[in-house]
Amino acid sequence: MPDALDATPYDALLLLSFGGPEGPDDVVPFLENVTRGRGIPKERLKEVGQHYFLFGGVSPINDQNRALLQALREDFAAHGLDLPVYWGNRNWAPYLTDTLREMAADGRRRVLVLATSAYASYSGCRQYRENLADALATLQAEGVDVPAVDKLRHYFNHPGFVEPMTDGVLHALADLPEDVRAGAHIAFTTHSIPTAAADTSGPVESHGDGGAYVAQHLDVARLIADAVRERTGVDHPWQLVYQSRSGAPHIPWLEPDICDHLEERHAAGVPAVVMAPIGFVSDHMEVLYDLDTEATAKAGELGLPVRRSATVGADPRFAAAVRELILERAAVERGREVTPCALGALGPSHDVCPVGCCPARTPRPAAAGADSPYA
């Protein structure tokens, strides 16, 4: 066993995720949580929930978070990092407020948060911070002495996130028939968001066409494409495309959609496509349905061979990356000079979200940032 690693001033890690239903009876209540305040009728939610009912009403995300929890705990124990790991969700049990209440009861006073979203955007960062603020406000109203909460920086370009995805693309390419492999196109996919949200993603200085959200995904896509070329000797053409659009038709969202992109590539004579979901940490419902079901069916109609590469999930390299991010942030909080680990052209992300970063349409308090009411 190596010498114990020092995470002070932090005394716990909180894995913060989206949550998902774990049975048919959970689907509509879960979607009611997700869409609360939008006035969406229950009948419409039942229609939306058909994606979940195709898989028995069970989202894989909770089991994937359990696997990541186990991987984190095993990595910490193997490397002498004595830091308990808790888990809370935004939209389903275990709920974030309940988990923070448990952490406070356990005497945790300084908490680091790992969100299962690697990139800058309102829905991928600030909304998690708003949920943290809501939970802390609830506990304060109950008279709970709430812990201080910080959030780990965006890890989209950490080697422990990029390298497992690179391996996934290589495995997917190797699984294609040999006669189409060399000409295969790589479609790097991520969640589509409104263009207005993309344009204001990241710090204010990053705002503009696509903002930090698009820039970060493009940087990761280049890193993976370059690594694939170095390891195979083949320069595969690639493009960043989008999936899982859920907004009103009149609101512009990031495009092209993956299914439209497959039609375009087929029409252009591309012999095969690898779909690489770089925008997702694990193989949750949007990967299983939008790529493995819907996009794969579209490719079948076209007669276009496709493969889907793996997400990072509970890969040991990702667990190790989280440990490194924790120790990096802890050292910064103790006033030490550190060299953050990051690949690509963008460099390491900020430790503390600045004012104006990924703003909401309607301002709400957000924890773990420069504008946090819980600093």
# chains A, B, ... in the order shown; residues from 1 in each chain; ligands from 1
$ residues_around --residues "Asp98 in chain A" --least-positions-apart "4" --cutoff "8 Å" --atoms "only C-alpha atoms" --output "JSON, numbers by chain"
{"A": [88, 94, 102]}
$ residues_around --residues "range 315-331 of chain A" --least-positions-apart "4" --cutoff "7 Å" --atoms "only C-alpha atoms" --output "list in words"
Asp6, Ala7, Thr8, Pro9, Tyr10, Ala71, Leu72, Asp75, Phe76, Leu152, Gly160, Phe161, Gly335, Arg336, Val338 and Pro340 of chain A
$ write_last_selection --atoms "all heavy atoms" --output "short mmCIF file (atom, residue, chain, number, x, y, z; two decimals), in the first residue's frame"
data_model
loop_
_atom_site.label_atom_id
_atom_site.label_comp_id
_atom_site.auth_asym_id
_atom_site.auth_seq_id
_atom_site.Cartn_x
_atom_site.Cartn_y
_atom_site.Cartn_z
N ASP A 6 -3.20 12.95 0.27
CA ASP A 6 -3.81 14.01 1.07
C ASP A 6 -4.87 14.75 0.26
O ASP A 6 -4.56 15.44 -0.70
CB ASP A 6 -2.71 14.98 1.52
CG ASP A 6 -3.21 16.01 2.51
OD1 ASP A 6 -4.40 15.93 2.91
OD2 ASP A 6 -2.42 16.90 2.89
N ALA A 7 -6.13 14.59 0.66
CA ALA A 7 -7.23 15.30 0.02
C ALA A 7 -7.71 16.49 0.83
O ALA A 7 -8.69 17.14 0.45
CB ALA A 7 -8.40 14.35 -0.22
N THR A 8 -7.05 16.79 1.94
CA THR A 8 -7.50 17.92 2.74
C THR A 8 -7.39 19.20 1.91
O THR A 8 -6.47 19.33 1.09
CB THR A 8 -6.64 18.07 4.02
OG1 THR A 8 -5.25 18.15 3.65
CG2 THR A 8 -6.85 16.93 4.96
N PRO A 9 -8.36 20.10 2.05
CA PRO A 9 -9.36 20.23 3.11
C PRO A 9 -10.65 19.44 2.89
O PRO A 9 -11.61 19.59 3.65
CB PRO A 9 -9.67 21.73 3.08
CG PRO A 9 -9.55 22.07 1.63
CD PRO A 9 -8.38 21.27 1.14
N TYR A 10 -10.70 18.60 1.88
CA TYR A 10 -11.95 17.89 1.57
C TYR A 10 -12.06 16.61 2.39
O TYR A 10 -11.07 15.92 2.62
CB TYR A 10 -12.01 17.59 0.07
CG TYR A 10 -12.02 18.85 -0.75
CD1 TYR A 10 -10.88 19.26 -1.44
CD2 TYR A 10 -13.14 19.66 -0.79
CE1 TYR A 10 -10.88 20.44 -2.16
CE2 TYR A 10 -13.14 20.85 -1.51
CZ TYR A 10 -12.01 21.23 -2.20
OH TYR A 10 -12.00 22.41 -2.89
N ALA A 71 -15.84 1.53 -8.77
CA ALA A 71 -14.53 1.76 -9.36
C ALA A 71 -13.77 2.86 -8.62
O ALA A 71 -12.56 2.75 -8.38
CB ALA A 71 -14.68 2.12 -10.84
N LEU A 72 -14.45 3.92 -8.25
CA LEU A 72 -13.81 5.01 -7.50
C LEU A 72 -13.33 4.52 -6.15
O LEU A 72 -12.20 4.79 -5.73
CB LEU A 72 -14.79 6.17 -7.33
CG LEU A 72 -15.16 6.95 -8.60
CD1 LEU A 72 -16.30 7.91 -8.33
CD2 LEU A 72 -13.95 7.70 -9.14
N ASP A 75 -10.31 2.27 -6.56
CA ASP A 75 -9.11 3.03 -6.92
C ASP A 75 -8.58 3.80 -5.71
O ASP A 75 -7.36 3.80 -5.46
CB ASP A 75 -9.43 4.00 -8.06
CG ASP A 75 -8.23 4.85 -8.43
OD1 ASP A 75 -7.46 4.42 -9.30
OD2 ASP A 75 -8.06 5.94 -7.84
N PHE A 76 -9.46 4.46 -4.98
CA PHE A 76 -9.02 5.23 -3.82
C PHE A 76 -8.34 4.31 -2.80
O PHE A 76 -7.28 4.64 -2.26
CB PHE A 76 -10.20 5.94 -3.16
CG PHE A 76 -10.82 7.03 -3.99
CD1 PHE A 76 -10.36 7.33 -5.27
CD2 PHE A 76 -11.88 7.77 -3.49
CE1 PHE A 76 -10.94 8.34 -6.03
CE2 PHE A 76 -12.46 8.79 -4.24
CZ PHE A 76 -12.00 9.06 -5.51
N LEU A 152 -15.53 19.74 -9.01
CA LEU A 152 -14.36 19.46 -9.81
C LEU A 152 -14.46 20.12 -11.19
O LEU A 152 -15.55 20.23 -11.75
CB LEU A 152 -14.17 17.95 -9.99
CG LEU A 152 -13.68 17.16 -8.77
CD1 LEU A 152 -13.75 15.66 -9.06
CD2 LEU A 152 -12.27 17.57 -8.40
N GLY A 160 -7.46 10.55 -18.78
CA GLY A 160 -8.27 9.44 -18.28
C GLY A 160 -9.68 9.42 -18.83
O GLY A 160 -10.39 8.41 -18.69
N PHE A 161 -10.11 10.49 -19.47
CA PHE A 161 -11.39 10.54 -20.15
C PHE A 161 -11.22 10.30 -21.65
O PHE A 161 -12.00 9.57 -22.28
CB PHE A 161 -12.06 11.89 -19.89
CG PHE A 161 -13.48 12.00 -20.39
CD1 PHE A 161 -14.51 11.27 -19.80
CD2 PHE A 161 -13.81 12.84 -21.44
CE1 PHE A 161 -15.82 11.37 -20.25
CE2 PHE A 161 -15.11 12.95 -21.90
CZ PHE A 161 -16.12 12.22 -21.30
N GLY A 335 -3.10 26.00 -1.19
CA GLY A 335 -2.17 27.03 -1.59
C GLY A 335 -0.93 26.55 -2.31
O GLY A 335 0.03 27.32 -2.46
N ARG A 336 -0.94 25.31 -2.79
CA ARG A 336 0.22 24.78 -3.49
C ARG A 336 0.14 25.06 -4.98
O ARG A 336 -0.94 25.17 -5.56
CB ARG A 336 0.32 23.27 -3.26
CG ARG A 336 0.71 22.88 -1.85
CD ARG A 336 0.87 21.37 -1.74
NE ARG A 336 1.79 20.85 -2.76
CZ ARG A 336 1.92 19.56 -3.06
NH1 ARG A 336 1.17 18.65 -2.43
NH2 ARG A 336 2.77 19.16 -3.97
N VAL A 338 0.30 23.82 -8.68
CA VAL A 338 0.07 22.54 -9.35
C VAL A 338 0.07 22.77 -10.86
O VAL A 338 -0.19 23.89 -11.34
CB VAL A 338 -1.27 21.89 -8.93
CG1 VAL A 338 -1.29 21.61 -7.44
CG2 VAL A 338 -2.44 22.76 -9.32
N PRO A 340 -2.08 21.44 -13.78
CA PRO A 340 -3.24 20.63 -14.12
C PRO A 340 -2.98 19.79 -15.37
O PRO A 340 -2.30 20.22 -16.30
CB PRO A 340 -4.34 21.66 -14.37
CG PRO A 340 -3.88 22.90 -13.69
CD PRO A 340 -2.39 22.88 -13.80
#
$ atom_distance --atom1 "CA of Ser349 in chain A" --atom2 "CA of Pro203 in chain A"
9.9 Å
$ select_by_dssp --residues "range 292-371 of chain A" --states "helix (DSSP H, G or I)" --output "PDB file with all heavy atoms, in the first residue's frame"
ATOM      1  N   ASP A 292     -28.062   3.281 -30.415  1.00  0.00           N
ATOM      2  CA  ASP A 292     -28.131   1.836 -30.620  1.00  0.00           C
ATOM      3  C   ASP A 292     -29.452   1.394 -31.243  1.00  0.00           C
ATOM      4  O   ASP A 292     -29.514   0.345 -31.897  1.00  0.00           O
ATOM      5  CB  ASP A 292     -27.935   1.108 -29.293  1.00  0.00           C
ATOM      6  CG  ASP A 292     -26.533   1.274 -28.743  1.00  0.00           C
ATOM      7  OD1 ASP A 292     -25.700   1.904 -29.424  1.00  0.00           O
ATOM      8  OD2 ASP A 292     -26.258   0.785 -27.631  1.00  0.00           O
ATOM      9  N   THR A 293     -30.520   2.178 -31.038  1.00  0.00           N
ATOM     10  CA  THR A 293     -31.825   1.795 -31.571  1.00  0.00           C
ATOM     11  C   THR A 293     -32.175   2.627 -32.802  1.00  0.00           C
ATOM     12  O   THR A 293     -32.238   2.116 -33.922  1.00  0.00           O
ATOM     13  CB  THR A 293     -32.912   1.945 -30.483  1.00  0.00           C
ATOM     14  OG1 THR A 293     -32.542   1.187 -29.326  1.00  0.00           O
ATOM     15  CG2 THR A 293     -34.265   1.463 -31.010  1.00  0.00           C
ATOM     16  N   GLU A 294     -32.385   3.924 -32.604  1.00  0.00           N
ATOM     17  CA  GLU A 294     -32.894   4.771 -33.689  1.00  0.00           C
ATOM     18  C   GLU A 294     -31.873   4.960 -34.817  1.00  0.00           C
ATOM     19  O   GLU A 294     -32.176   4.733 -35.989  1.00  0.00           O
ATOM     20  CB  GLU A 294     -33.309   6.119 -33.102  1.00  0.00           C
ATOM     21  CG  GLU A 294     -34.091   6.995 -34.065  1.00  0.00           C
ATOM     22  CD  GLU A 294     -34.622   8.235 -33.378  1.00  0.00           C
ATOM     23  OE1 GLU A 294     -33.831   8.925 -32.686  1.00  0.00           O
ATOM     24  OE2 GLU A 294     -35.822   8.525 -33.531  1.00  0.00           O
ATOM     25  N   ALA A 295     -30.656   5.405 -34.474  1.00  0.00           N
ATOM     26  CA  ALA A 295     -29.652   5.660 -35.522  1.00  0.00           C
ATOM     27  C   ALA A 295     -29.221   4.363 -36.201  1.00  0.00           C
ATOM     28  O   ALA A 295     -28.995   4.335 -37.416  1.00  0.00           O
ATOM     29  CB  ALA A 295     -28.449   6.382 -34.931  1.00  0.00           C
ATOM     30  N   THR A 296     -29.113   3.292 -35.429  1.00  0.00           N
ATOM     31  CA  THR A 296     -28.728   2.008 -36.017  1.00  0.00           C
ATOM     32  C   THR A 296     -29.810   1.503 -36.968  1.00  0.00           C
ATOM     33  O   THR A 296     -29.510   0.924 -38.022  1.00  0.00           O
ATOM     34  CB  THR A 296     -28.437   0.987 -34.913  1.00  0.00           C
ATOM     35  OG1 THR A 296     -27.354   1.473 -34.098  1.00  0.00           O
ATOM     36  CG2 THR A 296     -28.054  -0.363 -35.490  1.00  0.00           C
ATOM     37  N   ALA A 297     -31.081   1.744 -36.614  1.00  0.00           N
ATOM     38  CA  ALA A 297     -32.175   1.364 -37.518  1.00  0.00           C
ATOM     39  C   ALA A 297     -32.113   2.181 -38.807  1.00  0.00           C
ATOM     40  O   ALA A 297     -32.332   1.655 -39.904  1.00  0.00           O
ATOM     41  CB  ALA A 297     -33.519   1.551 -36.829  1.00  0.00           C
ATOM     42  N   LYS A 298     -31.827   3.469 -38.678  1.00  0.00           N
ATOM     43  CA  LYS A 298     -31.693   4.312 -39.873  1.00  0.00           C
ATOM     44  C   LYS A 298     -30.568   3.791 -40.772  1.00  0.00           C
ATOM     45  O   LYS A 298     -30.719   3.701 -41.997  1.00  0.00           O
ATOM     46  CB  LYS A 298     -31.426   5.756 -39.460  1.00  0.00           C
ATOM     47  CG  LYS A 298     -31.033   6.690 -40.594  1.00  0.00           C
ATOM     48  CD  LYS A 298     -32.098   6.784 -41.675  1.00  0.00           C
ATOM     49  CE  LYS A 298     -33.337   7.505 -41.179  1.00  0.00           C
ATOM     50  NZ  LYS A 298     -34.338   7.681 -42.281  1.00  0.00           N
ATOM     51  N   ALA A 299     -29.432   3.440 -40.177  1.00  0.00           N
ATOM     52  CA  ALA A 299     -28.322   2.894 -40.952  1.00  0.00           C
ATOM     53  C   ALA A 299     -28.718   1.596 -41.638  1.00  0.00           C
ATOM     54  O   ALA A 299     -28.328   1.332 -42.789  1.00  0.00           O
ATOM     55  CB  ALA A 299     -27.108   2.679 -40.056  1.00  0.00           C
ATOM     56  N   GLY A 300     -29.508   0.768 -40.941  1.00  0.00           N
ATOM     57  CA  GLY A 300     -29.974  -0.473 -41.551  1.00  0.00           C
ATOM     58  C   GLY A 300     -30.844  -0.227 -42.762  1.00  0.00           C
ATOM     59  O   GLY A 300     -30.749  -0.937 -43.773  1.00  0.00           O
ATOM     60  N   GLU A 301     -31.725   0.792 -42.672  1.00  0.00           N
ATOM     61  CA  GLU A 301     -32.557   1.142 -43.830  1.00  0.00           C
ATOM     62  C   GLU A 301     -31.701   1.557 -45.026  1.00  0.00           C
ATOM     63  O   GLU A 301     -32.049   1.278 -46.173  1.00  0.00           O
ATOM     64  CB  GLU A 301     -33.495   2.298 -43.454  1.00  0.00           C
ATOM     65  CG  GLU A 301     -34.555   1.961 -42.422  1.00  0.00           C
ATOM     66  CD  GLU A 301     -35.303   3.204 -41.972  1.00  0.00           C
ATOM     67  OE1 GLU A 301     -35.108   4.269 -42.618  1.00  0.00           O
ATOM     68  OE2 GLU A 301     -36.056   3.123 -40.985  1.00  0.00           O
ATOM     69  N   LEU A 302     -30.596   2.235 -44.722  1.00  0.00           N
ATOM     70  CA  LEU A 302     -29.720   2.735 -45.775  1.00  0.00           C
ATOM     71  C   LEU A 302     -28.771   1.662 -46.315  1.00  0.00           C
ATOM     72  O   LEU A 302     -28.140   1.856 -47.360  1.00  0.00           O
ATOM     73  CB  LEU A 302     -28.897   3.905 -45.250  1.00  0.00           C
ATOM     74  CG  LEU A 302     -29.671   5.150 -44.792  1.00  0.00           C
ATOM     75  CD1 LEU A 302     -28.750   6.088 -44.038  1.00  0.00           C
ATOM     76  CD2 LEU A 302     -30.294   5.858 -45.988  1.00  0.00           C
ATOM     77  N   PRO A 316     -11.173   1.947 -15.362  1.00  0.00           N
ATOM     78  CA  PRO A 316     -10.221   2.279 -14.288  1.00  0.00           C
ATOM     79  C   PRO A 316      -9.421   3.547 -14.565  1.00  0.00           C
ATOM     80  O   PRO A 316      -9.029   4.258 -13.634  1.00  0.00           O
ATOM     81  CB  PRO A 316      -9.311   1.051 -14.230  1.00  0.00           C
ATOM     82  CG  PRO A 316     -10.128  -0.062 -14.778  1.00  0.00           C
ATOM     83  CD  PRO A 316     -11.001   0.552 -15.826  1.00  0.00           C
ATOM     84  N   ARG A 317      -9.184   3.855 -15.832  1.00  0.00           N
ATOM     85  CA  ARG A 317      -8.445   5.083 -16.154  1.00  0.00           C
ATOM     86  C   ARG A 317      -9.255   6.324 -15.811  1.00  0.00           C
ATOM     87  O   ARG A 317      -8.683   7.365 -15.437  1.00  0.00           O
ATOM     88  CB  ARG A 317      -8.042   5.084 -17.632  1.00  0.00           C
ATOM     89  CG  ARG A 317      -6.968   4.069 -17.973  1.00  0.00           C
ATOM     90  CD  ARG A 317      -6.806   3.907 -19.475  1.00  0.00           C
ATOM     91  NE  ARG A 317      -7.970   3.242 -20.072  1.00  0.00           N
ATOM     92  CZ  ARG A 317      -8.066   2.926 -21.356  1.00  0.00           C
ATOM     93  NH1 ARG A 317      -7.078   3.224 -22.188  1.00  0.00           N
ATOM     94  NH2 ARG A 317      -9.134   2.311 -21.830  1.00  0.00           N
ATOM     95  N   PHE A 318     -10.569   6.232 -15.938  1.00  0.00           N
ATOM     96  CA  PHE A 318     -11.408   7.358 -15.557  1.00  0.00           C
ATOM     97  C   PHE A 318     -11.440   7.507 -14.035  1.00  0.00           C
ATOM     98  O   PHE A 318     -11.374   8.623 -13.510  1.00  0.00           O
ATOM     99  CB  PHE A 318     -12.818   7.179 -16.116  1.00  0.00           C
ATOM    100  CG  PHE A 318     -13.747   8.325 -15.805  1.00  0.00           C
ATOM    101  CD1 PHE A 318     -13.348   9.638 -16.000  1.00  0.00           C
ATOM    102  CD2 PHE A 318     -15.019   8.086 -15.320  1.00  0.00           C
ATOM    103  CE1 PHE A 318     -14.208  10.697 -15.720  1.00  0.00           C
ATOM    104  CE2 PHE A 318     -15.889   9.135 -15.041  1.00  0.00           C
ATOM    105  CZ  PHE A 318     -15.486  10.443 -15.238  1.00  0.00           C
ATOM    106  N   ALA A 319     -11.548   6.388 -13.331  1.00  0.00           N
ATOM    107  CA  ALA A 319     -11.498   6.453 -11.862  1.00  0.00           C
ATOM    108  C   ALA A 319     -10.181   7.069 -11.399  1.00  0.00           C
ATOM    109  O   ALA A 319     -10.154   7.894 -10.473  1.00  0.00           O
ATOM    110  CB  ALA A 319     -11.680   5.056 -11.278  1.00  0.00           C
ATOM    111  N   ALA A 320      -9.084   6.697 -12.045  1.00  0.00           N
ATOM    112  CA  ALA A 320      -7.786   7.274 -11.692  1.00  0.00           C
ATOM    113  C   ALA A 320      -7.756   8.766 -11.998  1.00  0.00           C
ATOM    114  O   ALA A 320      -7.160   9.559 -11.244  1.00  0.00           O
ATOM    115  CB  ALA A 320      -6.673   6.551 -12.447  1.00  0.00           C
ATOM    116  N   ALA A 321      -8.394   9.172 -13.098  1.00  0.00           N
ATOM    117  CA  ALA A 321      -8.451  10.592 -13.440  1.00  0.00           C
ATOM    118  C   ALA A 321      -9.194  11.378 -12.364  1.00  0.00           C
ATOM    119  O   ALA A 321      -8.784  12.496 -12.006  1.00  0.00           O
ATOM    120  CB  ALA A 321      -9.129  10.779 -14.792  1.00  0.00           C
ATOM    121  N   VAL A 322     -10.282  10.815 -11.856  1.00  0.00           N
ATOM    122  CA  VAL A 322     -11.025  11.493 -10.790  1.00  0.00           C
ATOM    123  C   VAL A 322     -10.144  11.664  -9.556  1.00  0.00           C
ATOM    124  O   VAL A 322     -10.120  12.741  -8.930  1.00  0.00           O
ATOM    125  CB  VAL A 322     -12.312  10.714 -10.451  1.00  0.00           C
ATOM    126  CG1 VAL A 322     -13.006  11.321  -9.238  1.00  0.00           C
ATOM    127  CG2 VAL A 322     -13.255  10.690 -11.657  1.00  0.00           C
ATOM    128  N   ARG A 323      -9.407  10.620  -9.213  1.00  0.00           N
ATOM    129  CA  ARG A 323      -8.476  10.735  -8.067  1.00  0.00           C
ATOM    130  C   ARG A 323      -7.473  11.858  -8.310  1.00  0.00           C
ATOM    131  O   ARG A 323      -7.207  12.668  -7.405  1.00  0.00           O
ATOM    132  CB  ARG A 323      -7.759   9.402  -7.853  1.00  0.00           C
ATOM    133  CG  ARG A 323      -6.587   9.481  -6.895  1.00  0.00           C
ATOM    134  CD  ARG A 323      -6.018   8.115  -6.553  1.00  0.00           C
ATOM    135  NE  ARG A 323      -5.934   7.211  -7.678  1.00  0.00           N
ATOM    136  CZ  ARG A 323      -4.927   7.174  -8.555  1.00  0.00           C
ATOM    137  NH1 ARG A 323      -3.897   8.026  -8.440  1.00  0.00           N
ATOM    138  NH2 ARG A 323      -4.916   6.288  -9.540  1.00  0.00           N
ATOM    139  N   GLU A 324      -6.924  11.913  -9.501  1.00  0.00           N
ATOM    140  CA  GLU A 324      -5.948  12.960  -9.812  1.00  0.00           C
ATOM    141  C   GLU A 324      -6.579  14.349  -9.747  1.00  0.00           C
ATOM    142  O   GLU A 324      -5.964  15.302  -9.254  1.00  0.00           O
ATOM    143  CB  GLU A 324      -5.352  12.710 -11.197  1.00  0.00           C
ATOM    144  CG  GLU A 324      -4.489  11.454 -11.258  1.00  0.00           C
ATOM    145  CD  GLU A 324      -4.137  11.059 -12.692  1.00  0.00           C
ATOM    146  OE1 GLU A 324      -4.452  11.852 -13.613  1.00  0.00           O
ATOM    147  OE2 GLU A 324      -3.552   9.977 -12.868  1.00  0.00           O
ATOM    148  N   LEU A 325      -7.809  14.483 -10.216  1.00  0.00           N
ATOM    149  CA  LEU A 325      -8.501  15.767 -10.166  1.00  0.00           C
ATOM    150  C   LEU A 325      -8.763  16.197  -8.728  1.00  0.00           C
ATOM    151  O   LEU A 325      -8.655  17.389  -8.388  1.00  0.00           O
ATOM    152  CB  LEU A 325      -9.811  15.691 -10.945  1.00  0.00           C
ATOM    153  CG  LEU A 325      -9.685  15.595 -12.466  1.00  0.00           C
ATOM    154  CD1 LEU A 325     -11.006  15.169 -13.085  1.00  0.00           C
ATOM    155  CD2 LEU A 325      -9.238  16.935 -13.048  1.00  0.00           C
ATOM    156  N   ILE A 326      -9.103  15.233  -7.880  1.00  0.00           N
ATOM    157  CA  ILE A 326      -9.329  15.534  -6.464  1.00  0.00           C
ATOM    158  C   ILE A 326      -8.053  16.047  -5.812  1.00  0.00           C
ATOM    159  O   ILE A 326      -8.045  17.086  -5.122  1.00  0.00           O
ATOM    160  CB  ILE A 326      -9.840  14.279  -5.732  1.00  0.00           C
ATOM    161  CG1 ILE A 326     -11.257  13.918  -6.175  1.00  0.00           C
ATOM    162  CG2 ILE A 326      -9.799  14.479  -4.206  1.00  0.00           C
ATOM    163  CD1 ILE A 326     -11.695  12.536  -5.745  1.00  0.00           C
ATOM    164  N   LEU A 327      -6.958  15.333  -6.022  1.00  0.00           N
ATOM    165  CA  LEU A 327      -5.689  15.718  -5.396  1.00  0.00           C
ATOM    166  C   LEU A 327      -5.197  17.054  -5.937  1.00  0.00           C
ATOM    167  O   LEU A 327      -4.630  17.869  -5.193  1.00  0.00           O
ATOM    168  CB  LEU A 327      -4.652  14.620  -5.623  1.00  0.00           C
ATOM    169  CG  LEU A 327      -4.983  13.275  -4.965  1.00  0.00           C
ATOM    170  CD1 LEU A 327      -3.973  12.215  -5.373  1.00  0.00           C
ATOM    171  CD2 LEU A 327      -5.034  13.413  -3.445  1.00  0.00           C
ATOM    172  N   GLU A 328      -5.410  17.293  -7.231  1.00  0.00           N
ATOM    173  CA  GLU A 328      -5.045  18.574  -7.843  1.00  0.00           C
ATOM    174  C   GLU A 328      -5.807  19.722  -7.181  1.00  0.00           C
ATOM    175  O   GLU A 328      -5.223  20.733  -6.776  1.00  0.00           O
ATOM    176  CB  GLU A 328      -5.348  18.508  -9.334  1.00  0.00           C
ATOM    177  CG  GLU A 328      -5.230  19.809 -10.086  1.00  0.00           C
ATOM    178  CD  GLU A 328      -5.912  19.722 -11.442  1.00  0.00           C
ATOM    179  OE1 GLU A 328      -5.504  18.865 -12.254  1.00  0.00           O
ATOM    180  OE2 GLU A 328      -6.854  20.504 -11.694  1.00  0.00           O
ATOM    181  N   ARG A 329      -7.135  19.561  -7.060  1.00  0.00           N
ATOM    182  CA  ARG A 329      -7.957  20.636  -6.477  1.00  0.00           C
ATOM    183  C   ARG A 329      -7.641  20.831  -4.996  1.00  0.00           C
ATOM    184  O   ARG A 329      -7.583  21.970  -4.502  1.00  0.00           O
ATOM    185  CB  ARG A 329      -9.433  20.324  -6.676  1.00  0.00           C
ATOM    186  CG  ARG A 329     -10.383  21.386  -6.134  1.00  0.00           C
ATOM    187  CD  ARG A 329     -10.200  22.726  -6.820  1.00  0.00           C
ATOM    188  NE  ARG A 329     -11.066  23.746  -6.242  1.00  0.00           N
ATOM    189  CZ  ARG A 329     -12.329  23.940  -6.579  1.00  0.00           C
ATOM    190  NH1 ARG A 329     -12.901  23.168  -7.497  1.00  0.00           N
ATOM    191  NH2 ARG A 329     -13.029  24.903  -6.023  1.00  0.00           N
ATOM    192  N   ALA A 330      -7.425  19.731  -4.292  1.00  0.00           N
ATOM    193  CA  ALA A 330      -7.089  19.834  -2.865  1.00  0.00           C
ATOM    194  C   ALA A 330      -5.784  20.597  -2.673  1.00  0.00           C
ATOM    195  O   ALA A 330      -5.663  21.440  -1.778  1.00  0.00           O
ATOM    196  CB  ALA A 330      -7.006  18.443  -2.247  1.00  0.00           C
ATOM    197  N   ALA A 331      -4.799  20.315  -3.521  1.00  0.00           N
ATOM    198  CA  ALA A 331      -3.514  21.009  -3.416  1.00  0.00           C
ATOM    199  C   ALA A 331      -3.685  22.503  -3.673  1.00  0.00           C
ATOM    200  O   ALA A 331      -3.074  23.343  -2.995  1.00  0.00           O
ATOM    201  CB  ALA A 331      -2.513  20.398  -4.388  1.00  0.00           C
ATOM    202  N   VAL A 332      -4.517  22.855  -4.653  1.00  0.00           N
ATOM    203  CA  VAL A 332      -4.790  24.266  -4.935  1.00  0.00           C
ATOM    204  C   VAL A 332      -5.422  24.932  -3.720  1.00  0.00           C
ATOM    205  O   VAL A 332      -5.044  26.058  -3.334  1.00  0.00           O
ATOM    206  CB  VAL A 332      -5.705  24.394  -6.171  1.00  0.00           C
ATOM    207  CG1 VAL A 332      -6.223  25.823  -6.313  1.00  0.00           C
ATOM    208  CG2 VAL A 332      -4.965  23.974  -7.428  1.00  0.00           C
ATOM    209  N   GLU A 333      -6.379  24.261  -3.096  1.00  0.00           N
ATOM    210  CA  GLU A 333      -7.048  24.828  -1.930  1.00  0.00           C
ATOM    211  C   GLU A 333      -6.090  25.000  -0.751  1.00  0.00           C
ATOM    212  O   GLU A 333      -6.296  25.861   0.096  1.00  0.00           O
ATOM    213  CB  GLU A 333      -8.233  23.948  -1.518  1.00  0.00           C
ATOM    214  CG  GLU A 333      -9.359  23.920  -2.528  1.00  0.00           C
ATOM    215  CD  GLU A 333      -9.987  25.287  -2.739  1.00  0.00           C
ATOM    216  OE1 GLU A 333     -10.275  25.973  -1.728  1.00  0.00           O
ATOM    217  OE2 GLU A 333     -10.176  25.678  -3.906  1.00  0.00           O
TER     218      GLU A 333
END
$ residues_around --residues "Gly313 in chain A" --least-positions-apart "5" --cutoff "9 Å" --atoms "only C-alpha atoms" --output "MDAnalysis selection string"
chainID A and resid 64:65 67:68 280:283 318
